[in-house]
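First up is the structure itself, then whatever we jot down about it.
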Amino acid sequence: MANPEFNYEQAFSRNIGWVTPGELLQLRGKRVAIAGLGGVGGSHLLTLARLGVGNFNIADFDVFNLVNFNRQAGANMDTIGRRKTEVLSEMVRAVNPGISLKVFDQGITEQNMDGFLEEVDLYIDGLDFFAFKARSAVFASCAEKGIPAITAAPLGMGAAVLTFLPRGMTFEEYFRWEGCSEDEMALRFVLGLSPRLLQRKYLVDPGALDLKARKGPSTPMACDICAGMAATEALKVLLQRGRLLAAPHGLQFDPYKNKLVHTWRPWGNRNPIQRLMIGIASRQFSRMQS
């Protein structure tokens, strides 16, 4: 059977009802930047493309490997050794041949940051968990340019989402990374995203979490949930409707624990409760890693 000619309105018509025809056209004109196309970034890209978003800036310097198979949208036997930007570009163009892509296959650098965020309506974080320097730099640049930014982390078998809006609390004001070691940044990132730590009690092999080796366990369910939650926040930002819970408010959903929690940490990681939790977690992780 011959492939039909692509038609944007028909391809994404099943979104109508949850969005209006006019809103679908708005989404077609929006541009979203995604840094990192691995565990969650590739899923972010494909989910938003299927929602109807028509323009993306994507960045990643890495290639697919066998260890990516359990969670990364573009990882399979045919893509081992291929650039993630190349593979995901092919995948998303197969969903929407008319999509506009600006590709940054060297990842995010100080030199290309302005170009990566040029004419962007929203930034979504898909960077590797341990990419602290790059993550901090992108969020700082978004705050400076007045670009809304979302970070959504796969945690256990669920996900946590934080949204940072222009003129609101910034990423650095919330997570307080300045002057911290990378181990401290990792703890602050996890505890800032999930103050309730819903995922903690069912980690059956704590040894799989190795901060020194910059390695941690992951699940495909978490990555897919992550993409769904981030895309829903993205819809609210891009169409300017629906209630947004911006930092210091956040959400964590964990279907394994059958729980959805609304988190709130005034002053972020400077909150007295958070400071106590960080201190306890730091001692626990020190014992685990020794």
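Residues are referred to by chain and number: the chain letter is A, B, ... according to the order shown in the structure tokens, the number counts from 1 in that chain, and ligands are numbered separately from 1 in the order shown.
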If you run DSSP on the backbone, which residues of segment 135-265 of chain A are alpha helix (DSSP H), as JSON, numbers by chain?
-> {"A": [135, 136, 137, 138, 139, 140, 141, 142, 143, 144, 145, 171, 172, 173, 174, 175, 182, 183, 184, 185, 186, 187, 188, 189, 190, 191, 192, 193, 220, 221, 222, 223, 224, 225, 226, 227, 228, 229, 230, 231, 232, 233, 234, 235, 236, 237, 238, 239]}
May I have the residues within 9 Å of Met169 of chain A as a ChimeraX atom specification, using only C-alpha atoms and disregarding those fewer than 6 positions away in the same chain?
-> /A:246-248,267-268
Figure out the distance between atom CA of Cys223 of chain A and atom CA of Phe69 of chain A, please, to one decimal in Å.
->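 Spanning atom CA of Phe69 of chain A to atom CA of Cys223 of chain A is a straight-line distance of 12.3 Å.
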Go through A:Ala49, A:Met113, A:Leu235, A:Leu209 one by one, measure the shortest atom-to-atom distance of each to Trp18 of chain A using only C-alpha atoms, and give the residue with the smallest value.
-> A:Leu235
Work out how far apart atom CA of Thr85 of chain A and atom CA of Phe171 of chain A are and give it in Å to one decimal.
->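 Separation of atom CA of Thr85 of chain A and atom CA of Phe171 of chain A: 26.0 Å.
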With a distance cut-off of 6 Å and only C-alpha atoms, select the neighbouring residues of segment 151-153 of chain A, excluding the residue or stretch itself and same-chain residues fewer than 6 positions from it, and output the selection as a list in words.
-> Asp125, Ala159, Ala160, Val161, Leu162 and Cys226 of chain A
Quick one: residues within 7 Å of Val32 of chain A, only C-alpha atoms counted, chain neighbours fewer than 2 positions away excluded, as a PyMOL selection string?
-> chain A and resi 30+34+55-57+120-123
Export N, CA and C atoms of the chosen residues as a PDB file, in the first residue's frame?
ATOM      1  N   LYS A  30       5.027  26.625  17.560  1.00  0.00           N
ATOM      2  CA  LYS A  30       5.914  26.761  18.720  1.00  0.00           C
ATOM      3  C   LYS A  30       7.247  26.049  18.483  1.00  0.00           C
ATOM      4  N   ILE A  34      15.303  20.978  23.409  1.00  0.00           N
ATOM      5  CA  ILE A  34      15.529  19.807  24.258  1.00  0.00           C
ATOM      6  C   ILE A  34      17.011  19.480  24.233  1.00  0.00           C
ATOM      7  N   ASN A  55       8.325  22.651  15.804  1.00  0.00           N
ATOM      8  CA  ASN A  55       9.689  23.167  15.678  1.00  0.00           C
ATOM      9  C   ASN A  55      10.496  22.816  16.924  1.00  0.00           C
ATOM     10  N   PHE A  56      11.714  22.327  16.699  1.00  0.00           N
ATOM     11  CA  PHE A  56      12.555  21.911  17.822  1.00  0.00           C
ATOM     12  C   PHE A  56      14.011  22.291  17.591  1.00  0.00           C
ATOM     13  N   ASN A  57      14.677  22.625  18.685  1.00  0.00           N
ATOM     14  CA  ASN A  57      16.141  22.673  18.741  1.00  0.00           C
ATOM     15  C   ASN A  57      16.561  21.485  19.608  1.00  0.00           C
ATOM     16  N   VAL A 120      13.203  30.365  21.090  1.00  0.00           N
ATOM     17  CA  VAL A 120      12.606  29.206  21.762  1.00  0.00           C
ATOM     18  C   VAL A 120      11.479  29.652  22.688  1.00  0.00           C
ATOM     19  N   ASP A 121      10.368  28.914  22.660  1.00  0.00           N
ATOM     20  CA  ASP A 121       9.226  29.207  23.533  1.00  0.00           C
ATOM     21  C   ASP A 121       9.304  28.455  24.857  1.00  0.00           C
ATOM     22  N   LEU A 122      10.074  27.362  24.882  1.00  0.00           N
ATOM     23  CA  LEU A 122      10.145  26.521  26.080  1.00  0.00           C
ATOM     24  C   LEU A 122      11.397  25.654  25.991  1.00  0.00           C
ATOM     25  N   TYR A 123      12.048  25.438  27.124  1.00  0.00           N
ATOM     26  CA  TYR A 123      13.161  24.491  27.206  1.00  0.00           C
ATOM     27  C   TYR A 123      12.739  23.314  28.069  1.00  0.00           C
TER      28      TYR A 123
END
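Take atom CA of Arg14 of chain A and atom CA of Val95 of chain A: the distance between them is 14.1 Å.
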